$ cat target33.pdb   # PDB, C-alpha atoms, pLDDT in the B column
ATOM      1  CA  ILE A 138     -10.375 -15.322  15.153  1.00 47.00           C
ATOM      2  CA  ILE A 139     -12.509 -12.942  13.133  1.00 47.00           C
ATOM      3  CA  HIS A 140     -16.309 -13.088  13.126  1.00 50.00           C
ATOM      4  CA  ARG A 141     -18.425 -11.107  10.727  1.00 54.00           C
ATOM      5  CA  PRO A 142     -22.169 -10.576  11.362  1.00 54.00           C
ATOM      6  CA  GLY A 143     -24.330 -13.168   9.630  1.00 55.00           C
ATOM      7  CA  ALA A 144     -21.490 -15.606   9.061  1.00 52.00           C
ATOM      8  CA  LYS A 145     -22.460 -19.251   9.556  1.00 47.00           C
ATOM      9  CA  LYS A 146     -19.000 -20.166  10.770  1.00 45.00           C
ATOM     10  CA  ILE A 147     -16.119 -18.366  12.314  1.00 43.00           C
ATOM     11  CA  SER A 148     -13.447 -17.308   9.849  1.00 42.00           C
ATOM     12  CA  ARG A 149     -10.169 -18.462  11.328  1.00 42.00           C
ATOM     13  CA  LEU A 150      -6.841 -16.710  11.144  1.00 38.00           C
ATOM     14  CA  VAL A 151      -4.352 -19.347  12.274  1.00 35.00           C
ATOM     15  CA  TRP A 152      -0.618 -19.017  12.832  1.00 33.00           C
ATOM     16  CA  GLY A 153       1.214 -20.962  15.497  1.00 34.00           C
ATOM     17  CA  GLY A 154      -1.500 -23.546  16.078  1.00 35.00           C
ATOM     18  CA  LEU A 155      -4.132 -21.409  17.782  1.00 36.00           C
ATOM     19  CA  THR A 156      -7.579 -22.476  16.588  1.00 39.00           C
ATOM     20  CA  LEU A 157     -11.083 -22.602  17.997  1.00 38.00           C
ATOM     21  CA  GLN A 158     -12.223 -26.111  18.890  1.00 38.00           C
ATOM     22  CA  ASN A 159     -15.833 -25.606  17.766  1.00 38.00           C
ATOM     23  CA  GLU A 160     -17.233 -24.252  14.489  1.00 40.00           C
ATOM     24  CA  LYS A 161     -20.903 -23.791  15.278  1.00 40.00           C
ATOM     25  CA  THR A 162     -22.694 -20.524  14.598  1.00 42.00           C
ATOM     26  CA  ALA A 163     -20.379 -17.812  15.832  1.00 44.00           C
ATOM     27  CA  ALA A 164     -23.148 -15.719  17.350  1.00 47.00           C
ATOM     28  CA  SER A 165     -24.376 -18.478  19.699  1.00 53.00           C
ATOM     29  CA  THR A 166     -23.937 -18.395  23.465  1.00 53.00           C
ATOM     30  CA  THR A 167     -22.461 -21.905  23.312  1.00 48.00           C
ATOM     31  CA  GLU A 168     -19.674 -20.636  21.068  1.00 58.00           C
ATOM     32  CA  ARG A 169     -18.800 -17.904  23.528  1.00 56.00           C
ATOM     33  CA  GLU A 170     -18.736 -20.358  26.428  1.00 49.00           C
ATOM     34  CA  ARG A 171     -16.337 -22.623  24.566  1.00 51.00           C
ATOM     35  CA  MET A 172     -13.819 -19.916  23.842  1.00 66.00           C
ATOM     36  CA  TRP A 173     -11.799 -20.918  26.881  1.00 72.00           C
ATOM     37  CA  PHE A 174      -8.590 -19.374  25.600  1.00 76.00           C
ATOM     38  CA  ALA A 175      -9.936 -16.001  24.478  1.00 79.00           C
ATOM     39  CA  ARG A 176      -7.728 -13.404  26.183  1.00 79.00           C
ATOM     40  CA  LEU A 177      -9.089 -10.407  24.304  1.00 82.00           C
ATOM     41  CA  ILE A 178     -12.315  -9.782  22.359  1.00 80.00           C
ATOM     42  CA  LEU A 179     -12.769  -6.588  20.363  1.00 81.00           C
ATOM     43  CA  ARG A 180     -16.348  -5.738  19.382  1.00 81.00           C
ATOM     44  CA  GLY A 181     -17.034  -3.228  16.625  1.00 82.00           C
ATOM     45  CA  GLN A 182     -20.129  -1.068  16.191  1.00 81.00           C
ATOM     46  CA  ARG A 183     -21.486  -3.152  13.308  1.00 80.00           C
ATOM     47  CA  GLY A 184     -21.091  -6.516  15.025  1.00 78.00           C
ATOM     48  CA  LEU A 185     -17.595  -7.338  13.769  1.00 81.00           C
ATOM     49  CA  GLU A 186     -15.650  -9.180  16.459  1.00 78.00           C
ATOM     50  CA  ILE A 187     -11.996 -10.137  16.702  1.00 80.00           C
ATOM     51  CA  ALA A 188     -10.897 -12.613  19.397  1.00 81.00           C
ATOM     52  CA  LEU A 189      -7.338 -13.393  20.446  1.00 82.00           C
ATOM     53  CA  LEU A 190      -6.900 -17.019  21.533  1.00 77.00           C
ATOM     54  CA  ASP A 191      -3.778 -17.710  23.539  1.00 79.00           C
ATOM     55  CA  PRO A 192      -3.734 -21.046  25.445  1.00 75.00           C
ATOM     56  CA  ARG A 193      -0.081 -20.637  26.496  1.00 75.00           C
ATOM     57  CA  ARG A 194      -0.405 -16.955  27.422  1.00 79.00           C
ATOM     58  CA  PHE A 195       2.634 -15.868  25.415  1.00 81.00           C
ATOM     59  CA  ALA A 196       0.850 -13.290  23.263  1.00 82.00           C
ATOM     60  CA  LYS A 197       0.976  -9.533  23.659  1.00 83.00           C
ATOM     61  CA  VAL A 198      -1.059  -6.815  21.987  1.00 83.00           C
ATOM     62  CA  TRP A 199       0.140  -3.444  20.734  1.00 83.00           C
ATOM     63  CA  LEU A 200      -1.966  -0.697  19.180  1.00 83.00           C
ATOM     64  CA  SER A 201      -0.510   1.157  16.231  1.00 86.00           C
ATOM     65  CA  ASP A 202      -1.766   3.482  13.515  1.00 87.00           C
ATOM     66  CA  GLU A 203       0.640   1.818  11.071  1.00 88.00           C
ATOM     67  CA  PRO A 204       1.223  -1.795  12.242  1.00 84.00           C
ATOM     68  CA  LEU A 205       3.672  -2.703   9.472  1.00 83.00           C
ATOM     69  CA  LYS A 206       5.903   0.190  10.543  1.00 88.00           C
ATOM     70  CA  HIS A 207       5.839  -0.771  14.222  1.00 88.00           C
ATOM     71  CA  PRO A 208       9.425  -1.353  15.476  1.00 89.00           C
ATOM     72  CA  ARG A 209       8.577  -4.850  16.740  1.00 87.00           C
ATOM     73  CA  ILE A 210       7.151  -5.868  13.368  1.00 88.00           C
ATOM     74  CA  GLN A 211      10.068  -4.391  11.468  1.00 90.00           C
ATOM     75  CA  LYS A 212      12.464  -6.530  13.511  1.00 93.00           C
ATOM     76  CA  LEU A 213      10.881  -9.716  12.179  1.00 94.00           C
ATOM     77  CA  GLY A 214      12.585 -11.630   9.406  1.00 95.00           C
ATOM     78  CA  ALA A 215      11.117 -12.965   6.179  1.00 95.00           C
ATOM     79  CA  ASP A 216       7.644 -14.491   6.432  1.00 93.00           C
ATOM     80  CA  PRO A 217       7.350 -17.750   4.435  1.00 93.00           C
ATOM     81  CA  LEU A 218       3.691 -16.939   3.755  1.00 92.00           C
ATOM     82  CA  VAL A 219       4.303 -13.440   2.432  1.00 90.00           C
ATOM     83  CA  LYS A 220       7.713 -12.898   0.886  1.00 92.00           C
ATOM     84  CA  PHE A 221      10.565 -15.286   1.574  1.00 96.00           C
ATOM     85  CA  TYR A 222      14.274 -15.225   0.772  1.00 97.00           C
ATOM     86  CA  THR A 223      15.492 -16.234  -2.653  1.00 97.00           C
ATOM     87  CA  LEU A 224      17.945 -19.136  -2.771  1.00 98.00           C
ATOM     88  CA  ARG A 225      20.808 -16.706  -3.178  1.00 97.00           C
ATOM     89  CA  GLU A 226      19.692 -14.560  -0.238  1.00 98.00           C
ATOM     90  CA  LEU A 227      19.208 -17.575   2.032  1.00 98.00           C
ATOM     91  CA  THR A 228      22.611 -18.983   1.074  1.00 98.00           C
ATOM     92  CA  GLN A 229      24.277 -15.678   1.948  1.00 98.00           C
ATOM     93  CA  ILE A 230      22.497 -15.558   5.321  1.00 97.00           C
ATOM     94  CA  LEU A 231      23.582 -19.067   6.264  1.00 98.00           C
ATOM     95  CA  GLN A 232      27.170 -18.603   5.088  1.00 97.00           C
ATOM     96  CA  ARG A 233      27.631 -15.747   7.566  1.00 97.00           C
ATOM     97  CA  ARG A 234      26.547 -17.765  10.593  1.00 96.00           C
ATOM     98  CA  LYS A 235      28.180 -20.619  12.502  1.00 96.00           C
ATOM     99  CA  LEU A 236      25.198 -21.416  14.751  1.00 97.00           C
ATOM    100  CA  PRO A 237      23.550 -24.841  14.543  1.00 98.00           C
ATOM    101  CA  ILE A 238      20.957 -24.691  11.795  1.00 98.00           C
ATOM    102  CA  LYS A 239      18.179 -25.592  14.267  1.00 98.00           C
ATOM    103  CA  ALA A 240      19.001 -22.613  16.486  1.00 97.00           C
ATOM    104  CA  LEU A 241      19.188 -20.319  13.462  1.00 98.00           C
ATOM    105  CA  LEU A 242      15.765 -21.359  12.184  1.00 98.00           C
ATOM    106  CA  LEU A 243      14.277 -20.259  15.515  1.00 97.00           C
ATOM    107  CA  ASP A 244      15.705 -16.745  15.152  1.00 97.00           C
ATOM    108  CA  GLN A 245      12.596 -14.638  14.525  1.00 96.00           C
ATOM    109  CA  THR A 246      14.685 -11.783  13.148  1.00 96.00           C
ATOM    110  CA  LEU A 247      15.516 -14.118  10.262  1.00 97.00           C
ATOM    111  CA  PHE A 248      12.615 -16.593  10.000  1.00 97.00           C
ATOM    112  CA  ALA A 249       9.334 -15.104  11.206  1.00 95.00           C
ATOM    113  CA  GLY A 250       6.876 -17.669  12.533  1.00 92.00           C
ATOM    114  CA  VAL A 251       9.145 -20.730  12.553  1.00 96.00           C
ATOM    115  CA  GLY A 252       8.599 -22.361  15.950  1.00 94.00           C
ATOM    116  CA  ASN A 253      10.310 -25.316  17.594  1.00 96.00           C
ATOM    117  CA  TRP A 254       8.325 -28.208  16.160  1.00 96.00           C
ATOM    118  CA  LEU A 255       8.220 -26.552  12.737  1.00 97.00           C
ATOM    119  CA  ALA A 256      12.014 -26.304  12.706  1.00 98.00           C
ATOM    120  CA  ASP A 257      12.292 -29.999  13.621  1.00 98.00           C
ATOM    121  CA  GLU A 258       9.833 -30.958  10.883  1.00 98.00           C
ATOM    122  CA  ILE A 259      11.602 -28.835   8.273  1.00 98.00           C
ATOM    123  CA  LEU A 260      15.008 -30.320   9.085  1.00 98.00           C
ATOM    124  CA  PHE A 261      13.603 -33.848   9.192  1.00 98.00           C
ATOM    125  CA  GLN A 262      12.102 -33.489   5.743  1.00 98.00           C
ATOM    126  CA  ALA A 263      15.234 -31.794   4.430  1.00 98.00           C
ATOM    127  CA  ARG A 264      17.335 -34.631   5.920  1.00 98.00           C
ATOM    128  CA  ILE A 265      19.619 -32.159   7.701  1.00 98.00           C
ATOM    129  CA  ALA A 266      20.890 -32.802  11.235  1.00 98.00           C
ATOM    130  CA  PRO A 267      19.847 -29.960  13.574  1.00 98.00           C
ATOM    131  CA  GLN A 268      23.340 -29.469  15.030  1.00 98.00           C
ATOM    132  CA  ARG A 269      24.983 -28.848  11.645  1.00 98.00           C
ATOM    133  CA  PRO A 270      26.633 -25.396  11.531  1.00 98.00           C
ATOM    134  CA  ALA A 271      24.604 -23.221   9.175  1.00 98.00           C
ATOM    135  CA  ASN A 272      27.651 -22.057   7.243  1.00 98.00           C
ATOM    136  CA  GLN A 273      28.624 -25.645   6.396  1.00 98.00           C
ATOM    137  CA  LEU A 274      25.490 -26.484   4.447  1.00 98.00           C
ATOM    138  CA  LYS A 275      26.086 -27.136   0.768  1.00 97.00           C
ATOM    139  CA  THR A 276      24.195 -25.276  -1.936  1.00 96.00           C
ATOM    140  CA  ALA A 277      22.047 -28.325  -2.732  1.00 98.00           C
ATOM    141  CA  GLU A 278      21.142 -28.669   0.967  1.00 98.00           C
ATOM    142  CA  VAL A 279      20.200 -24.990   1.227  1.00 98.00           C
ATOM    143  CA  GLN A 280      17.977 -25.414  -1.807  1.00 98.00           C
ATOM    144  CA  VAL A 281      16.146 -28.340  -0.202  1.00 98.00           C
ATOM    145  CA  LEU A 282      15.958 -26.512   3.129  1.00 98.00           C
ATOM    146  CA  ARG A 283      14.332 -23.500   1.488  1.00 98.00           C
ATOM    147  CA  ARG A 284      11.798 -25.684  -0.292  1.00 98.00           C
ATOM    148  CA  LYS A 285      10.885 -27.505   2.931  1.00 98.00           C
ATOM    149  CA  ILE A 286      10.513 -24.282   4.930  1.00 98.00           C
ATOM    150  CA  LEU A 287       7.915 -23.137   2.435  1.00 97.00           C
ATOM    151  CA  SER A 288       6.115 -26.457   1.977  1.00 97.00           C
ATOM    152  CA  VAL A 289       5.860 -27.406   5.680  1.00 98.00           C
ATOM    153  CA  ILE A 290       4.563 -24.015   6.792  1.00 96.00           C
ATOM    154  CA  ARG A 291       2.137 -23.697   3.896  1.00 95.00           C
ATOM    155  CA  LYS A 292       0.751 -27.159   4.584  1.00 96.00           C
ATOM    156  CA  ALA A 293       0.322 -26.455   8.307  1.00 94.00           C
ATOM    157  CA  VAL A 294      -1.579 -23.246   7.547  1.00 93.00           C
ATOM    158  CA  GLN A 295      -3.587 -24.865   4.758  1.00 93.00           C
ATOM    159  CA  VAL A 296      -5.072 -27.371   7.231  1.00 91.00           C
ATOM    160  CA  ASP A 297      -5.565 -24.674   9.915  1.00 85.00           C
ATOM    161  CA  ALA A 298      -2.875 -26.277  12.112  1.00 86.00           C
ATOM    162  CA  ASP A 299      -5.175 -29.268  12.644  1.00 89.00           C
ATOM    163  CA  TYR A 300      -2.556 -31.921  13.410  1.00 91.00           C
ATOM    164  CA  ASP A 301      -4.950 -34.733  12.522  1.00 93.00           C
ATOM    165  CA  ARG A 302      -4.715 -33.473   8.958  1.00 95.00           C
ATOM    166  CA  PHE A 303      -0.920 -33.340   8.857  1.00 96.00           C
ATOM    167  CA  PRO A 304       0.589 -36.006   6.541  1.00 96.00           C
ATOM    168  CA  LYS A 305       1.043 -39.299   8.387  1.00 96.00           C
ATOM    169  CA  ALA A 306       4.736 -39.413   7.475  1.00 97.00           C
ATOM    170  CA  TRP A 307       5.483 -36.195   9.358  1.00 98.00           C
ATOM    171  CA  LEU A 308       7.831 -36.340  12.336  1.00 98.00           C
ATOM    172  CA  PHE A 309       5.286 -34.247  14.234  1.00 97.00           C
ATOM    173  CA  HIS A 310       3.140 -37.267  15.095  1.00 97.00           C
ATOM    174  CA  HIS A 311       5.968 -39.027  16.958  1.00 96.00           C
ATOM    175  CA  ARG A 312       8.297 -36.315  18.339  1.00 95.00           C
ATOM    176  CA  TRP A 313       6.593 -35.449  21.641  1.00 95.00           C
ATOM    177  CA  GLY A 314       7.411 -36.441  25.224  1.00 93.00           C
ATOM    178  CA  LYS A 315      11.110 -37.194  24.792  1.00 93.00           C
ATOM    179  CA  ASN A 316      10.175 -40.865  24.561  1.00 93.00           C
ATOM    180  CA  LYS A 317      13.407 -42.878  24.255  1.00 92.00           C
ATOM    181  CA  SER A 318      11.628 -45.543  22.241  1.00 96.00           C
ATOM    182  CA  ALA A 319       9.938 -43.078  19.866  1.00 97.00           C
ATOM    183  CA  LYS A 320      10.082 -43.983  16.191  1.00 97.00           C
ATOM    184  CA  THR A 321       8.928 -42.452  12.924  1.00 97.00           C
ATOM    185  CA  SER A 322       6.167 -43.923  10.785  1.00 96.00           C
ATOM    186  CA  ARG A 323       8.924 -45.878   9.006  1.00 95.00           C
ATOM    187  CA  GLY A 324      10.273 -47.296  12.254  1.00 97.00           C
ATOM    188  CA  LEU A 325      13.360 -45.057  12.482  1.00 98.00           C
ATOM    189  CA  ALA A 326      14.533 -44.143  15.980  1.00 98.00           C
ATOM    190  CA  ILE A 327      13.930 -40.553  17.117  1.00 98.00           C
ATOM    191  CA  ARG A 328      16.490 -38.843  19.334  1.00 97.00           C
ATOM    192  CA  HIS A 329      15.964 -35.790  21.565  1.00 97.00           C
ATOM    193  CA  ASP A 330      18.841 -33.353  22.168  1.00 97.00           C
ATOM    194  CA  GLU A 331      19.095 -29.813  23.475  1.00 97.00           C
ATOM    195  CA  ILE A 332      20.286 -27.403  20.807  1.00 96.00           C
ATOM    196  CA  GLY A 333      20.341 -23.658  21.316  1.00 91.00           C
ATOM    197  CA  GLY A 334      18.442 -24.028  24.576  1.00 94.00           C
ATOM    198  CA  ARG A 335      15.525 -25.885  22.956  1.00 95.00           C
ATOM    199  CA  THR A 336      14.683 -29.569  22.602  1.00 96.00           C
ATOM    200  CA  ALA A 337      15.350 -30.894  19.129  1.00 97.00           C
ATOM    201  CA  ALA A 338      13.722 -34.099  17.942  1.00 98.00           C
ATOM    202  CA  TRP A 339      15.585 -35.666  15.042  1.00 98.00           C
ATOM    203  CA  VAL A 340      16.432 -38.973  13.359  1.00 98.00           C
ATOM    204  CA  PRO A 341      20.200 -39.722  13.239  1.00 98.00           C
ATOM    205  CA  SER A 342      19.823 -42.508  10.679  1.00 98.00           C
ATOM    206  CA  TRP A 343      17.943 -40.180   8.335  1.00 98.00           C
ATOM    207  CA  GLN A 344      19.415 -36.712   8.901  1.00 98.00           C
ATOM    208  CA  ASN A 345      23.038 -35.970   8.066  1.00 96.00           C
TER     209      ASN A 345
END

$ encode --input "target33.pdb" --output "structure tokens"
Amino acid sequence: IIHRPGAKKISRLVWGGLTLQNEKTAASTTERERMWFARLILRGQRGLEIALLDPRRFAKVWLSDEPLKHPRIQKLGADPLVKFYTLRELTQILQRRKLPIKALLLDQTLFAGVGNWLADEILFQARIAPQRPANQLKTAEVQVLRRKILSVIRKAVQVDADYDRFPKAWLFHHRWGKNKSAKTSRGLAIRHDEIGGRTAAWVPSWQN
């Protein structure tokens, strides 16, 4: 979260669902008290403040003179919000790997920023079963997969990861809790399996 002096509201930088609950004047004491998940606050000389919110305490901070050249950053794969793979590049990546497509989407050295629920949503919308070996996807399926990676992530960021603003047809609204009776907005049964060490929520009657 970045706050500039004189701003009426906090400018939010959101990736991975971390947002501030309240949008009152950033300089108020109330705002500070409500930042329950602020793990680090940097205050500049001219009043500029940057706060790191981390409810799950997974985040780490590194200082670097050239962040984009930091070894940890350079290990990350393509960012769907910056520069993503072309269809040809993505096809070549998938053809070389036999892992289940769900597990591959979670590989941050290939797909930066794609988390567990995002991977489930992408595969649901692409109508691809999460356990399908990546190298067995057809060209038409890879094309749809690429389009859904971009559209799902862009939509999530566009609405500041506010799940109330996610489209009602998204799997997201019904995938949680491993509920055996869970169904999509269209009444299709949702199944929960472990794939690549993570829980995958998917719809067998919809995803092939």

$ axis_aligned_box --input "target33.pdb" --around "range 218-225 of chain A" --padding-each-side "4 Å" --output "AutoDock Vina command-line options"
--center_x 12.2 --center_y -16.0 --center_z 0.3 --size_x 25.1 --size_y 14.2 --size_z 14.9

$ residues_around --input "target33.pdb" --residues "Gly334 in chain A" --least-positions-apart "4" --cutoff "12 Å" --atoms "all atoms listed in the file" --output "PyMOL selection string"
chain A and resi 237+239-241+243+253+330

$ residues_around --input "target33.pdb" --residues "Val340 in chain A" --least-positions-apart "6" --cutoff "10 Å" --atoms "all atoms listed in the file" --output "compact mmCIF listing (two decimals) with C-alpha atoms, keeping the file's coordinate frame"
# COMPACT_ATOMS: atom_id res chain seq x y z
CA ASP A 257 12.29 -30.00 13.62
CA LEU A 260 15.01 -30.32 9.09
CA PHE A 261 13.60 -33.85 9.19
CA ARG A 264 17.34 -34.63 5.92
CA ILE A 265 19.62 -32.16 7.70
CA ALA A 266 20.89 -32.80 11.24
CA PRO A 267 19.85 -29.96 13.57
CA LEU A 308 7.83 -36.34 12.34
CA ARG A 312 8.30 -36.32 18.34
CA LYS A 320 10.08 -43.98 16.19
CA THR A 321 8.93 -42.45 12.92
CA LEU A 325 13.36 -45.06 12.48
CA ALA A 326 14.53 -44.14 15.98
CA ILE A 327 13.93 -40.55 17.12
CA ARG A 328 16.49 -38.84 19.33
CA HIS A 329 15.96 -35.79 21.56

$ atom_distance --input "target33.pdb" --atom1 "CA of Lys305 in chain A" --atom2 "CA of Ser322 in chain A"
7.3 Å

$ closest_atom_pairs --input "target33.pdb" --of "range 162-269 of chain A" --to "range 282-291 of chain A" --cutoff "6 Å" --atoms "all atoms listed in the file" --output "CSV"
residue,atom,partner,partner_atom,distance
A:Pro217,CA,A:Leu287,CA,5.8
A:Ile259,CA,A:Lys285,CA,5.6
A:Ala263,CA,A:Leu282,CA,5.5

$ closest_residue --input "target33.pdb" --among "A:Phe248, A:Asn272, A:Ser318, A:Leu190" --to "Lys220 in chain A" --atoms "only C-alpha atoms"
A:Phe248

$ closest_residue --input "target33.pdb" --among "A:Asn316, A:Ala175, A:Gln295, A:Leu213" --to "Ala196 in chain A" --atoms "all atoms listed in the file"
A:Ala175

$ atom_distance --input "target33.pdb" --atom1 "CA of Arg176 in chain A" --atom2 "CA of Asp191 in chain A"
6.4 Å

$ closest_residue --input "target33.pdb" --among "A:Arg302, A:Arg193, A:Lys212, A:Arg323" --to "Thr246 in chain A" --atoms "only C-alpha atoms"
A:Lys212

$ atom_distance --input "target33.pdb" --atom1 "CA of Pro192 in chain A" --atom2 "CA of Trp173 in chain A"
8.2 Å

$ closest_residue --input "target33.pdb" --among "A:Arg269, A:Arg335, A:Trp254, A:Glu278" --to "Trp307 in chain A" --atoms "all atoms listed in the file"
A:Trp254

$ closest_residue --input "target33.pdb" --among "A:Leu177, A:Ala277, A:Ala306, A:Leu236" --to "Arg194 in chain A" --atoms "all atoms listed in the file"
A:Leu177

$ closest_residue --input "target33.pdb" --among "A:Leu200, A:Leu185, A:Leu247, A:Ile178" --to "Phe221 in chain A" --atoms "all atoms listed in the file"
A:Leu247

$ resolve_selection --input "target33.pdb" --expression "the PyMOL selection byres ((chain A and resi 293) around 10)" --output "ChimeraX atom specification"
/A:151-154,255,288-292,294-300,302-304
